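Student: So here's query23.txt (compact mmCIF, C-alpha atoms (C1' of nucleotides)).
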# COMPACT_ATOMS: atom_id res chain seq x y z
CA MET A 1 -24.12 14.20 2.92
CA THR A 2 -23.66 17.94 2.44
CA VAL A 3 -27.05 19.35 1.69
CA GLY A 4 -26.10 22.71 0.36
CA THR A 5 -27.10 22.00 -3.21
CA THR A 6 -30.72 22.52 -2.41
CA ASP A 7 -30.86 26.17 -1.64
CA ALA A 8 -34.46 26.23 -2.70
CA LEU A 9 -35.02 27.38 0.83
CA ARG A 10 -35.67 30.78 -0.52
CA ALA A 11 -39.42 30.61 -0.81
CA ALA A 12 -40.33 30.43 2.87
CA PRO A 13 -36.95 29.65 4.38
CA GLY A 14 -38.13 29.46 7.93
CA TRP A 15 -40.92 27.04 7.31
CA TYR A 16 -38.87 25.01 4.88
CA ALA A 17 -36.01 24.73 7.32
CA LEU A 18 -38.36 23.71 10.10
CA SER A 19 -39.89 21.10 7.87
CA LEU A 20 -36.54 19.76 6.82
CA LEU A 21 -35.26 19.57 10.36
CA HIS A 22 -38.37 17.83 11.54
CA GLY A 23 -38.15 15.30 8.73
CA ARG A 24 -34.54 14.48 9.36
CA ILE A 25 -34.96 14.06 13.08
CA ASP A 26 -38.09 12.01 12.68
CA SER A 27 -36.47 9.68 10.16
CA HIS A 28 -33.57 9.18 12.48
CA LEU A 29 -35.78 8.46 15.46
CA GLU A 30 -37.92 6.14 13.40
CA ARG A 31 -34.98 4.01 12.39
CA ALA A 32 -33.53 3.88 15.87
CA LEU A 33 -36.79 3.01 17.60
CA GLN A 34 -37.98 0.62 14.94
CA GLY A 35 -34.75 -1.28 14.85
CA GLY A 36 -34.29 -1.38 18.59
CA HIS A 37 -37.74 -1.75 20.10
CA ASP A 38 -40.29 -2.37 17.35
CA LEU A 39 -41.74 1.05 17.94
CA SER A 40 -42.54 3.69 15.41
CA SER A 41 -41.77 7.29 16.14
CA ARG A 42 -45.42 8.00 16.69
CA GLU A 43 -45.98 4.98 18.87
CA TYR A 44 -43.19 6.19 21.08
CA SER A 45 -44.54 9.68 21.39
CA LEU A 46 -47.98 8.31 22.12
CA LEU A 47 -46.57 6.29 25.00
CA GLU A 48 -44.63 9.31 26.14
CA VAL A 49 -47.67 11.54 26.08
CA LEU A 50 -49.91 9.06 27.83
CA SER A 51 -47.35 8.15 30.46
CA HIS A 52 -46.91 11.76 31.44
CA GLN A 53 -50.60 12.13 31.90
CA HIS A 54 -50.50 10.46 35.30
CA ASP A 55 -53.24 11.51 37.62
CA GLY A 56 -55.03 10.21 40.65
CA GLU A 57 -55.95 6.94 39.03
CA GLY A 58 -55.08 6.90 35.41
CA GLY A 59 -55.10 8.78 32.15
CA HIS A 60 -57.24 11.73 31.47
CA LEU A 61 -56.98 12.35 27.75
CA ARG A 62 -59.77 11.38 25.43
CA MET A 63 -59.04 9.99 22.01
CA ASN A 64 -59.88 13.40 20.75
CA GLN A 65 -57.17 15.13 22.70
CA VAL A 66 -54.70 12.38 22.06
CA ALA A 67 -55.20 12.86 18.33
CA ASP A 68 -54.51 16.51 18.83
CA ALA A 69 -51.40 15.87 20.89
CA VAL A 70 -49.76 13.57 18.36
CA VAL A 71 -51.20 15.48 15.40
CA LEU A 72 -53.04 12.63 13.79
CA SER A 73 -56.56 12.22 12.46
CA GLN A 74 -59.09 10.65 14.77
CA SER A 75 -59.26 7.52 12.70
CA ALA A 76 -55.51 7.09 12.65
CA THR A 77 -55.46 7.65 16.39
CA THR A 78 -58.07 4.97 16.90
CA ARG A 79 -55.94 2.47 15.06
CA LEU A 80 -52.71 3.58 16.65
CA VAL A 81 -54.20 3.04 20.09
CA THR A 82 -55.68 -0.25 18.96
CA ARG A 83 -52.32 -1.48 17.78
CA LEU A 84 -50.62 -0.70 21.05
CA GLU A 85 -53.55 -2.10 22.99
CA ASP A 86 -53.29 -5.34 21.06
CA ARG A 87 -49.66 -5.50 22.04
CA GLY A 88 -50.63 -5.08 25.67
CA LEU A 89 -48.98 -1.71 26.08
CA LEU A 90 -52.14 0.29 26.58
CA ALA A 91 -55.59 -0.26 28.01
CA ARG A 92 -58.74 1.63 27.13
CA TYR A 93 -61.40 2.40 29.64
CA LEU A 94 -64.62 4.33 29.29
CA CYS A 95 -65.19 7.63 30.93
CA PRO A 96 -67.69 6.96 33.70
CA THR A 97 -69.53 10.25 33.42
CA ASP A 98 -69.68 10.42 29.64
CA ARG A 99 -69.73 7.06 28.00
CA ARG A 100 -68.77 8.52 24.67
CA GLY A 101 -65.36 9.45 25.93
CA ILE A 102 -62.61 6.89 26.09
CA TYR A 103 -59.52 7.20 28.21
CA THR A 104 -56.32 5.32 27.76
CA ASN A 105 -53.87 4.00 30.27
CA VAL A 106 -50.32 2.81 29.82
CA THR A 107 -49.94 -0.69 31.19
CA PRO A 108 -46.90 -1.75 33.22
CA ALA A 109 -45.60 -3.50 30.12
CA GLY A 110 -46.02 -0.28 28.20
CA LEU A 111 -44.16 1.68 30.82
CA GLU A 112 -41.39 -0.85 30.85
CA LEU A 113 -40.99 -0.72 27.10
CA LEU A 114 -41.02 3.04 27.26
CA GLU A 115 -38.26 3.07 29.83
CA GLN A 116 -36.24 0.71 27.69
CA ALA A 117 -36.76 2.79 24.57
CA ARG A 118 -36.15 6.18 26.11
CA PRO A 119 -32.35 6.02 26.06
CA THR A 120 -32.44 4.96 22.43
CA HIS A 121 -34.77 7.79 21.64
CA ASP A 122 -32.77 10.41 23.46
CA ALA A 123 -29.49 9.29 21.97
CA ALA A 124 -30.92 9.30 18.45
CA LEU A 125 -32.37 12.73 19.06
CA ARG A 126 -29.01 14.08 20.11
CA GLU A 127 -27.35 12.51 17.10
CA ALA A 128 -29.87 13.96 14.71
CA LEU A 129 -29.57 17.40 16.27
CA ALA A 130 -25.81 17.29 16.10
CA ALA A 131 -25.93 16.30 12.45
CA ALA A 132 -28.43 19.03 11.66
CA ALA A 133 -26.44 21.68 13.45
CA ALA A 134 -23.89 21.44 10.66
CA ASP A 135 -26.37 23.02 8.27
CA PRO A 136 -26.38 26.77 8.90
CA ARG A 137 -30.01 27.13 7.90
CA LEU A 138 -31.14 24.51 10.37
CA GLU A 139 -28.88 25.68 13.11
CA PRO A 140 -31.16 28.32 14.69
CA PHE A 141 -33.88 25.75 15.17
CA VAL A 142 -31.42 23.23 16.48
CA ALA A 143 -30.32 25.77 19.02
CA ALA A 144 -33.89 26.44 20.06
CA VAL A 145 -34.67 22.76 20.44
CA GLU A 146 -31.58 22.12 22.50
CA HIS A 147 -32.27 25.11 24.64
CA LEU A 148 -35.79 23.96 25.46
CA ASN A 149 -34.68 20.38 25.93
CA ARG A 150 -32.13 21.45 28.45
CA ALA A 151 -34.83 23.18 30.44
CA ALA A 152 -36.37 19.75 31.05
CA VAL A 153 -33.27 18.07 32.30
CA GLY A 154 -31.86 20.78 34.48
CA MET B 1 -58.55 25.23 20.60
CA THR B 2 -56.58 25.76 23.78
CA VAL B 3 -53.95 23.08 23.87
CA GLY B 4 -52.78 23.49 27.41
CA THR B 5 -54.19 20.22 28.69
CA THR B 6 -51.37 18.28 27.10
CA ASP B 7 -48.39 19.41 29.02
CA ALA B 8 -46.70 16.14 28.32
CA LEU B 9 -44.13 18.32 26.68
CA ARG B 10 -41.87 17.64 29.56
CA ALA B 11 -39.91 14.75 28.15
CA ALA B 12 -38.07 16.54 25.37
CA PRO B 13 -39.96 19.81 25.24
CA GLY B 14 -38.00 21.32 22.41
CA TRP B 15 -38.34 18.40 20.05
CA TYR B 16 -41.92 17.81 21.03
CA ALA B 17 -42.84 21.42 20.44
CA LEU B 18 -41.08 21.42 17.10
CA SER B 19 -42.92 18.29 16.13
CA LEU B 20 -46.22 19.69 17.22
CA LEU B 21 -45.72 22.93 15.39
CA HIS B 22 -44.67 21.16 12.24
CA GLY B 23 -47.70 18.89 12.38
CA ARG B 24 -50.13 21.73 12.86
CA ILE B 25 -48.71 23.84 10.08
CA ASP B 26 -48.50 20.91 7.72
CA SER B 27 -52.08 19.89 8.36
CA HIS B 28 -53.21 23.41 7.73
CA LEU B 29 -51.25 23.70 4.50
CA GLU B 30 -52.47 20.31 3.38
CA ARG B 31 -56.10 21.26 3.76
CA ALA B 32 -55.67 24.61 2.06
CA LEU B 33 -53.69 23.29 -0.89
CA GLN B 34 -55.74 20.16 -1.31
CA GLY B 35 -59.03 21.99 -1.25
CA GLY B 36 -57.88 24.80 -3.47
CA HIS B 37 -55.53 23.33 -6.04
CA ASP B 38 -55.58 19.53 -5.74
CA LEU B 39 -52.07 19.60 -4.39
CA SER B 40 -50.73 17.87 -1.35
CA SER B 41 -48.34 19.64 0.93
CA ARG B 42 -45.48 17.56 -0.37
CA GLU B 43 -46.43 18.01 -4.00
CA TYR B 44 -46.33 21.73 -3.46
CA SER B 45 -42.94 21.70 -1.86
CA LEU B 46 -41.62 19.47 -4.60
CA LEU B 47 -42.74 21.99 -7.20
CA GLU B 48 -41.26 24.75 -5.12
CA VAL B 49 -37.92 23.01 -4.78
CA LEU B 50 -37.70 22.07 -8.44
CA SER B 51 -38.80 25.45 -9.69
CA HIS B 52 -36.08 27.17 -7.71
CA GLN B 53 -33.51 24.93 -9.22
CA HIS B 54 -33.41 26.90 -12.46
CA ASP B 55 -30.15 26.71 -14.26
CA GLY B 56 -28.82 27.21 -17.73
CA GLU B 57 -31.26 24.85 -19.28
CA GLY B 58 -33.22 22.94 -16.71
CA GLY B 59 -33.14 21.21 -13.40
CA HIS B 60 -30.09 19.76 -11.86
CA LEU B 61 -31.30 17.61 -9.00
CA ARG B 62 -31.28 13.87 -9.27
CA MET B 63 -34.06 11.82 -7.77
CA ASN B 64 -31.65 11.07 -5.01
CA GLN B 65 -31.21 14.68 -4.02
CA VAL B 66 -34.87 15.43 -4.50
CA ALA B 67 -35.70 12.68 -2.04
CA ASP B 68 -33.31 14.27 0.38
CA ALA B 69 -34.77 17.74 -0.11
CA VAL B 70 -38.34 16.71 0.58
CA VAL B 71 -37.32 14.11 3.17
CA LEU B 72 -38.91 11.12 1.54
CA SER B 73 -37.71 7.64 0.69
CA GLN B 74 -36.42 7.08 -2.80
CA SER B 75 -39.39 4.93 -3.71
CA ALA B 76 -41.88 7.47 -2.48
CA THR B 77 -40.03 10.13 -4.43
CA THR B 78 -40.22 8.06 -7.59
CA ARG B 79 -43.96 7.84 -7.26
CA LEU B 80 -44.39 11.43 -6.22
CA VAL B 81 -42.56 12.57 -9.33
CA THR B 82 -44.50 10.09 -11.43
CA ARG B 83 -47.79 11.44 -10.18
CA LEU B 84 -46.92 15.01 -11.03
CA GLU B 85 -45.45 13.93 -14.33
CA ASP B 86 -48.69 12.16 -15.21
CA ARG B 87 -50.50 15.38 -14.49
CA GLY B 88 -48.20 17.19 -16.87
CA LEU B 89 -46.60 19.35 -14.19
CA LEU B 90 -43.14 17.83 -14.42
CA ALA B 91 -40.96 16.20 -17.03
CA ARG B 92 -38.16 13.74 -16.48
CA TYR B 93 -35.06 13.68 -18.58
CA LEU B 94 -31.99 11.55 -18.35
CA CYS B 95 -28.65 12.93 -17.40
CA PRO B 96 -26.61 12.87 -20.60
CA THR B 97 -23.31 12.05 -18.99
CA ASP B 98 -24.55 9.42 -16.54
CA ARG B 99 -27.58 7.58 -17.75
CA ARG B 100 -28.36 6.31 -14.30
CA GLY B 101 -29.20 9.78 -13.09
CA ILE B 102 -32.56 11.36 -13.83
CA TYR B 103 -33.30 15.06 -13.72
CA THR B 104 -36.67 16.66 -13.44
CA ASN B 105 -38.03 19.84 -14.94
CA VAL B 106 -41.10 21.81 -14.02
CA THR B 107 -43.28 22.30 -17.08
CA PRO B 108 -44.98 25.62 -17.85
CA ALA B 109 -48.23 24.09 -16.58
CA GLY B 110 -46.46 23.18 -13.39
CA LEU B 111 -45.10 26.66 -12.97
CA GLU B 112 -48.50 28.14 -13.59
CA LEU B 113 -50.12 25.92 -11.01
CA LEU B 114 -47.38 26.78 -8.57
CA GLU B 115 -47.95 30.48 -9.08
CA GLN B 116 -51.63 29.99 -8.51
CA ALA B 117 -51.10 27.97 -5.39
CA ARG B 118 -48.45 30.13 -3.82
CA PRO B 119 -50.79 32.76 -2.37
CA THR B 120 -52.94 30.03 -0.89
CA HIS B 121 -49.89 28.42 0.61
CA ASP B 122 -48.47 31.62 2.02
CA ALA B 123 -51.76 32.71 3.50
CA ALA B 124 -52.31 29.34 5.12
CA LEU B 125 -48.81 29.43 6.49
CA ARG B 126 -49.39 32.81 8.08
CA GLU B 127 -52.67 31.63 9.55
CA ALA B 128 -51.10 28.53 11.01
CA LEU B 129 -48.24 30.50 12.48
CA ALA B 130 -50.57 33.03 14.00
CA ALA B 131 -52.64 30.29 15.56
CA ALA B 132 -49.57 28.56 16.91
CA ALA B 133 -48.14 31.74 18.37
CA ALA B 134 -50.90 31.60 20.95
CA ASP B 135 -49.27 28.56 22.52
CA PRO B 136 -46.38 29.75 24.65
CA ARG B 137 -44.41 26.59 24.08
CA LEU B 138 -44.61 26.91 20.32
CA GLU B 139 -44.03 30.60 20.30
CA PRO B 140 -40.21 30.59 20.20
CA PHE B 141 -40.24 28.45 17.08
CA VAL B 142 -42.94 30.56 15.53
CA ALA B 143 -40.78 33.58 16.09
CA ALA B 144 -37.81 31.87 14.48
CA VAL B 145 -39.81 30.81 11.46
CA GLU B 146 -41.26 34.25 10.96
CA HIS B 147 -37.88 35.83 11.37
CA LEU B 148 -36.34 33.64 8.69
CA ASN B 149 -39.34 34.00 6.41
CA ARG B 150 -39.09 37.73 6.57
CA ALA B 151 -35.51 37.51 5.42
CA ALA B 152 -36.78 36.08 2.15
CA VAL B 153 -39.30 38.82 1.43
CA GLY B 154 -37.32 41.83 2.47
C1' DC C 1 -90.97 11.14 27.67
C1' DG C 2 -89.62 11.44 22.57
C1' DC C 3 -87.17 13.38 18.96
C1' DA C 4 -83.72 16.46 16.86
C1' DT C 5 -79.11 18.19 17.11
C1' DG C 6 -74.41 17.59 18.29
C1' DT C 7 -70.29 15.15 19.97
C1' DA C 8 -67.01 10.95 20.42
C1' DC C 9 -65.21 7.11 18.52
C1' DT C 10 -64.95 3.46 14.93
C1' DT C 11 -64.94 1.30 10.18
C1' DG C 12 -64.71 1.18 4.64
C1' DC C 13 -61.94 2.51 1.22
C1' DA C 14 -58.45 4.51 -1.61
C1' DA C 15 -54.04 6.96 -1.51
C1' DA C 16 -49.24 7.33 0.06
C1' DC C 17 -45.37 5.57 2.48
C1' DG C 18 -40.95 2.61 3.69
C1' DC C 19 -38.34 -1.51 3.16
C1' DA C 20 -36.43 -4.88 0.51
C1' DA C 21 -35.67 -6.96 -3.95
C1' DC C 22 -34.78 -5.97 -8.70
C1' DG C 23 -32.97 -4.21 -13.33
C1' DA C 24 -29.97 -0.88 -15.49
C1' DT C 25 -25.66 1.78 -15.84
C1' DT C 26 -21.07 2.99 -14.48
C1' DG C 27 -16.23 2.32 -12.90
C1' DC C 28 -12.45 -0.41 -11.94
C1' DA C 29 -9.53 -4.61 -11.76
C1' DG C 30 -7.71 -8.44 -13.87
C1' DC D 1 -12.44 -6.80 -22.98
C1' DT D 2 -14.57 -9.52 -19.39
C1' DG D 3 -16.19 -9.67 -14.83
C1' DC D 4 -17.24 -7.67 -10.22
C1' DA D 5 -18.62 -4.14 -7.07
C1' DA D 6 -21.01 0.10 -6.43
C1' DT D 7 -24.67 3.50 -7.58
C1' DC D 8 -29.30 5.04 -9.23
C1' DG D 9 -33.89 4.58 -10.02
C1' DT D 10 -38.16 1.61 -10.12
C1' DT D 11 -41.46 -2.07 -8.61
C1' DG D 12 -43.74 -5.67 -5.10
C1' DC D 13 -45.72 -5.84 -0.84
C1' DG D 14 -47.45 -4.93 3.64
C1' DT D 15 -48.51 -1.00 6.77
C1' DT D 16 -50.21 3.54 7.99
C1' DT D 17 -52.94 7.49 6.94
C1' DG D 18 -57.00 10.70 5.98
C1' DC D 19 -61.66 11.41 4.46
C1' DA D 20 -66.27 10.29 4.63
C1' DA D 21 -69.93 7.45 6.35
C1' DG D 22 -71.70 4.87 10.22
C1' DT D 23 -72.79 3.85 15.22
C1' DA D 24 -73.33 5.01 20.14
C1' DC D 25 -74.08 8.32 23.61
C1' DA D 26 -75.51 13.04 25.40
C1' DT D 27 -78.11 17.29 25.53
C1' DG D 28 -81.84 20.38 24.72
C1' DC D 29 -86.54 21.36 23.15
C1' DG D 30 -91.38 20.36 22.51
Written as structure tokens, how would this file's structure read?
Tutor:
Amino acid sequence: MTVGTTDALRAAPGWYALSLLHGRIDSHLERALQGGHDLSSREYSLLEVLSHQHDGEGGHLRMNQVADAVVLSQSATTRLVTRLEDRGLLARYLCPTDRRGIYTNVTPAGLELLEQARPTHDAALREALAAAAADPRLEPFVAAVEHLNRAAVG
Amino acid sequence: MTVGTTDALRAAPGWYALSLLHGRIDSHLERALQGGHDLSSREYSLLEVLSHQHDGEGGHLRMNQVADAVVLSQSATTRLVTRLEDRGLLARYLCPTDRRGIYTNVTPAGLELLEQARPTHDAALREALAAAAADPRLEPFVAAVEHLNRAAVG
DNA sequence: CGCATGTACTTGCAAACGCAACGATTGCAG
DNA sequence: CTGCAATCGTTGCGTTTGCAAGTACATGCG
């Protein structure tokens, strides 16, 4: 499992290391969430994003902004939302003042699934970070991630 | 372009910020490389990885390790290599001592294309980093990336 | 009011991906 | 040397993605 062989990190080491770290963590999360809750990594983060967007009544992000938040094309976002809506985890509703805009709410079922999946997600994240910390080139980013994560908990 | 609205970064801010930053940079690189040299982001990094793996005669990474370096499944790696091989940018050759293993070399055409694309890539990377630095939550990672990148140049 | 311009989301289509099943090669045990 | 388990790479198949075109709504100008 030692990575070392590939020290082709020399071109743009920072970016390459970031990319590598992201890929490894994401793969790990994907497996954990998929196997445990039939959720893809992106589906999880969509739920997470939308659930945090609590307001007076419901969500406030348009498809547009959602796409930006999960870094996906608009079309992919449409279908991602559609998938979760079909599973009863989300609900769309039109913006009253501008009927082009579409807001999205997390249903109770969606919230419940999210709560169930969160421990899995967090555990997998910690595992992946711990594994990555072994690689000296990834370590600075690992440290930064853990530092910022801790800010949330404490 | 102000992102601020989505402060759903509260769940696992570090990981979420890393993910966001990676996505933005990657999108930017993808567009630049695709539009300018018919290369995807991953194709570029494959060339980069393989070209740095110069040795006595040729490459030394097996498909296995390549997959690990670009964080892709083995099957996807097979096809990625096949695509670039069909374009004459890479060449496969079997490992003499273990005929299960397959090594990959970058052809002169591949190297040339890489040299052409590198400025595009680097410029796009700088642009993306600069844009991301505006977001306070992404800024620490941007700083880390730039720090490590600088280590390569200087 | 009526039409042009622009924005927000959705759909058609081809490319790329991951998982699981497969064929090929090696290494070891009997 | 024959057979079995493990490793490496490739292919079948269904899913996800991005780009470009299409539709619906909004806004501004004549």
Student: Taking only C-alpha atoms into account, which of A:Ser27, A:Ser51, A:Gln34, A:Ser19 comes nearest Gly110 in chain A?
Tutor: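 With only C-alpha atoms as the atom set, the closest residue is A:Ser51.
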Student: Output as a ChimeraX atom specification the set of chain B residues within 7 Å of chain C, with distances taken over all atoms listed in the file.
Tutor: /B:73,76,99-100
Student: Let me see the file: selected residues, C-alpha atoms, as an mmCIF file, in the frame of the given file.
Tutor:
data_model
loop_
_atom_site.group_PDB
_atom_site.id
_atom_site.type_symbol
_atom_site.label_atom_id
_atom_site.label_comp_id
_atom_site.auth_asym_id
_atom_site.auth_seq_id
_atom_site.Cartn_x
_atom_site.Cartn_y
_atom_site.Cartn_z
ATOM 1 C CA SER B 73 -37.710 7.640 0.690
ATOM 2 C CA ALA B 76 -41.880 7.470 -2.480
ATOM 3 C CA ARG B 99 -27.580 7.580 -17.750
ATOM 4 C CA ARG B 100 -28.360 6.310 -14.300
#
Student: Please identify every residue of chain A that has at least one atom no more than 12 Å from any atom of chain D, counting all atoms listed in the file, and report them as a ChimeraX atom specification.
Tutor: /A:40,42-43,71-80,83,94-95,97-102
Student: Please give chain A as a compact mmCIF listing (two decimals) with C-alpha atoms, in the frame of the given file, after it has been superposed on chain B by least squares over all Cα atoms paired in order.
Tutor:
# COMPACT_ATOMS: atom_id res chain seq x y z
CA MET A 1 -58.95 24.79 20.80
CA THR A 2 -56.75 25.56 23.80
CA VAL A 3 -54.08 22.94 23.88
CA GLY A 4 -52.77 23.42 27.35
CA THR A 5 -54.12 20.16 28.71
CA THR A 6 -51.33 18.23 27.13
CA ASP A 7 -48.35 19.40 29.05
CA ALA A 8 -46.63 16.13 28.33
CA LEU A 9 -44.09 18.34 26.68
CA ARG A 10 -41.83 17.67 29.55
CA ALA A 11 -39.89 14.77 28.14
CA ALA A 12 -38.03 16.56 25.36
CA PRO A 13 -39.94 19.81 25.22
CA GLY A 14 -37.98 21.32 22.41
CA TRP A 15 -38.33 18.41 20.07
CA TYR A 16 -41.93 17.82 21.03
CA ALA A 17 -42.81 21.44 20.44
CA LEU A 18 -41.07 21.42 17.09
CA SER A 19 -42.92 18.30 16.13
CA LEU A 20 -46.24 19.70 17.20
CA LEU A 21 -45.71 22.95 15.36
CA HIS A 22 -44.67 21.17 12.23
CA GLY A 23 -47.71 18.91 12.37
CA ARG A 24 -50.14 21.74 12.85
CA ILE A 25 -48.71 23.85 10.07
CA ASP A 26 -48.51 20.93 7.71
CA SER A 27 -52.11 19.91 8.36
CA HIS A 28 -53.23 23.43 7.71
CA LEU A 29 -51.27 23.70 4.49
CA GLU A 30 -52.50 20.32 3.38
CA ARG A 31 -56.12 21.30 3.74
CA ALA A 32 -55.67 24.64 2.04
CA LEU A 33 -53.70 23.30 -0.91
CA GLN A 34 -55.77 20.17 -1.32
CA GLY A 35 -59.03 22.02 -1.27
CA GLY A 36 -57.88 24.83 -3.50
CA HIS A 37 -55.54 23.31 -6.05
CA ASP A 38 -55.59 19.52 -5.76
CA LEU A 39 -52.09 19.59 -4.40
CA SER A 40 -50.75 17.87 -1.35
CA SER A 41 -48.35 19.65 0.92
CA ARG A 42 -45.51 17.57 -0.39
CA GLU A 43 -46.46 18.01 -4.01
CA TYR A 44 -46.35 21.73 -3.48
CA SER A 45 -42.96 21.69 -1.85
CA LEU A 46 -41.65 19.45 -4.59
CA LEU A 47 -42.75 21.97 -7.20
CA GLU A 48 -41.28 24.74 -5.11
CA VAL A 49 -37.95 22.99 -4.77
CA LEU A 50 -37.72 22.06 -8.42
CA SER A 51 -38.81 25.46 -9.67
CA HIS A 52 -36.11 27.18 -7.68
CA GLN A 53 -33.52 24.93 -9.18
CA HIS A 54 -33.41 26.94 -12.39
CA ASP A 55 -30.15 26.76 -14.21
CA GLY A 56 -28.83 27.25 -17.69
CA GLU A 57 -31.26 24.83 -19.24
CA GLY A 58 -33.24 23.01 -16.66
CA GLY A 59 -33.19 21.20 -13.36
CA HIS A 60 -30.12 19.83 -11.79
CA LEU A 61 -31.31 17.65 -8.95
CA ARG A 62 -31.30 13.90 -9.25
CA MET A 63 -34.08 11.84 -7.75
CA ASN A 64 -31.67 11.10 -5.00
CA GLN A 65 -31.23 14.70 -3.99
CA VAL A 66 -34.88 15.46 -4.47
CA ALA A 67 -35.73 12.70 -2.00
CA ASP A 68 -33.34 14.28 0.41
CA ALA A 69 -34.78 17.75 -0.08
CA VAL A 70 -38.37 16.75 0.60
CA VAL A 71 -37.36 14.13 3.17
CA LEU A 72 -38.95 11.15 1.53
CA SER A 73 -37.73 7.67 0.70
CA GLN A 74 -36.46 7.09 -2.80
CA SER A 75 -39.41 4.93 -3.67
CA ALA A 76 -41.91 7.48 -2.45
CA THR A 77 -40.05 10.14 -4.40
CA THR A 78 -40.24 8.07 -7.55
CA ARG A 79 -43.98 7.84 -7.24
CA LEU A 80 -44.44 11.43 -6.21
CA VAL A 81 -42.59 12.57 -9.32
CA THR A 82 -44.51 10.08 -11.41
CA ARG A 83 -47.81 11.43 -10.17
CA LEU A 84 -46.94 14.99 -11.02
CA GLU A 85 -45.46 13.92 -14.33
CA ASP A 86 -48.68 12.14 -15.20
CA ARG A 87 -50.51 15.35 -14.49
CA GLY A 88 -48.21 17.18 -16.87
CA LEU A 89 -46.61 19.32 -14.20
CA LEU A 90 -43.15 17.82 -14.42
CA ALA A 91 -40.97 16.21 -17.04
CA ARG A 92 -38.15 13.77 -16.46
CA TYR A 93 -35.06 13.71 -18.57
CA LEU A 94 -31.96 11.58 -18.32
CA CYS A 95 -28.63 12.96 -17.35
CA PRO A 96 -26.56 12.90 -20.52
CA THR A 97 -23.26 12.08 -18.86
CA ASP A 98 -24.56 9.47 -16.44
CA ARG A 99 -27.57 7.64 -17.69
CA ARG A 100 -28.41 6.39 -14.24
CA GLY A 101 -29.23 9.86 -13.06
CA ILE A 102 -32.58 11.40 -13.80
CA TYR A 103 -33.31 15.08 -13.70
CA THR A 104 -36.68 16.67 -13.42
CA ASN A 105 -38.05 19.83 -14.91
CA VAL A 106 -41.13 21.81 -14.03
CA THR A 107 -43.29 22.28 -17.10
CA PRO A 108 -45.00 25.59 -17.88
CA ALA A 109 -48.23 24.07 -16.60
CA GLY A 110 -46.47 23.15 -13.40
CA LEU A 111 -45.11 26.64 -12.99
CA GLU A 112 -48.51 28.11 -13.62
CA LEU A 113 -50.14 25.91 -11.03
CA LEU A 114 -47.38 26.77 -8.61
CA GLU A 115 -47.94 30.46 -9.11
CA GLN A 116 -51.64 29.98 -8.56
CA ALA A 117 -51.11 27.95 -5.41
CA ARG A 118 -48.44 30.11 -3.86
CA PRO A 119 -50.78 32.75 -2.43
CA THR A 120 -52.92 30.04 -0.91
CA HIS A 121 -49.87 28.43 0.57
CA ASP A 122 -48.45 31.62 1.98
CA ALA A 123 -51.74 32.72 3.46
CA ALA A 124 -52.30 29.35 5.10
CA LEU A 125 -48.78 29.43 6.46
CA ARG A 126 -49.36 32.81 8.03
CA GLU A 127 -52.63 31.65 9.51
CA ALA A 128 -51.09 28.55 10.99
CA LEU A 129 -48.20 30.52 12.45
CA ALA A 130 -50.53 33.06 13.96
CA ALA A 131 -52.61 30.32 15.53
CA ALA A 132 -49.54 28.57 16.88
CA ALA A 133 -48.10 31.74 18.33
CA ALA A 134 -50.86 31.64 20.92
CA ASP A 135 -49.25 28.59 22.50
CA PRO A 136 -46.33 29.78 24.62
CA ARG A 137 -44.36 26.60 24.06
CA LEU A 138 -44.58 26.91 20.31
CA GLU A 139 -43.98 30.60 20.27
CA PRO A 140 -40.15 30.58 20.16
CA PHE A 141 -40.20 28.43 17.05
CA VAL A 142 -42.90 30.54 15.51
CA ALA A 143 -40.72 33.56 16.06
CA ALA A 144 -37.76 31.85 14.45
CA VAL A 145 -39.77 30.79 11.43
CA GLU A 146 -41.20 34.24 10.93
CA HIS A 147 -37.83 35.80 11.33
CA LEU A 148 -36.27 33.61 8.66
CA ASN A 149 -39.27 33.97 6.39
CA ARG A 150 -38.99 37.70 6.54
CA ALA A 151 -35.40 37.47 5.39
CA ALA A 152 -36.70 36.07 2.09
CA VAL A 153 -39.20 38.77 1.40
CA GLY A 154 -37.23 41.80 2.42
Student: Residues of chain A were defined as contacting chain B if any atom lay at most 6 Å from it, counting all atoms listed in the file; please report them as a list of chain:residue names.
Tutor: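 Every residue meeting the condition is included here: A:Ala8, A:Ala12, A:Pro13, A:Gly14, A:Trp15, A:Gly23, A:Val49, A:His52, A:Val71, A:Val145, A:Leu148, A:Asn149.
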Student: Report the distance between CA of Tyr44 in chain A and CA of Asn105 in chain A in Å, rounded to one decimal place.
Tutor: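 Between CA of Tyr44 in chain A and CA of Asn105 in chain A the gap is 14.3 Å.
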Student: So what do you get for CA of Leu111 in chain A versus CA of Leu89 in chain A, distance-wise?
Tutor: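 Rounded to one decimal, the two atoms are 7.6 Å apart.
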Student: What separation in Å, quoted to one decimal, exists between CA of Ala133 in chain B and CA of His28 in chain B?
Tutor: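 CA of His28 in chain B lies 14.4 Å from CA of Ala133 in chain B.
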Student: Take every atom of range 113-116 of chain A listed in the file, fit an axis-aligned box around them, add 6 Å per side, and give the centre and edge lengths in Å to one decimal as AutoDock Vina command-line options.
Tutor:
--center_x -38.6 --center_y 1.2 --center_z 28.5 --size_x 16.8 --size_y 15.8 --size_z 14.7
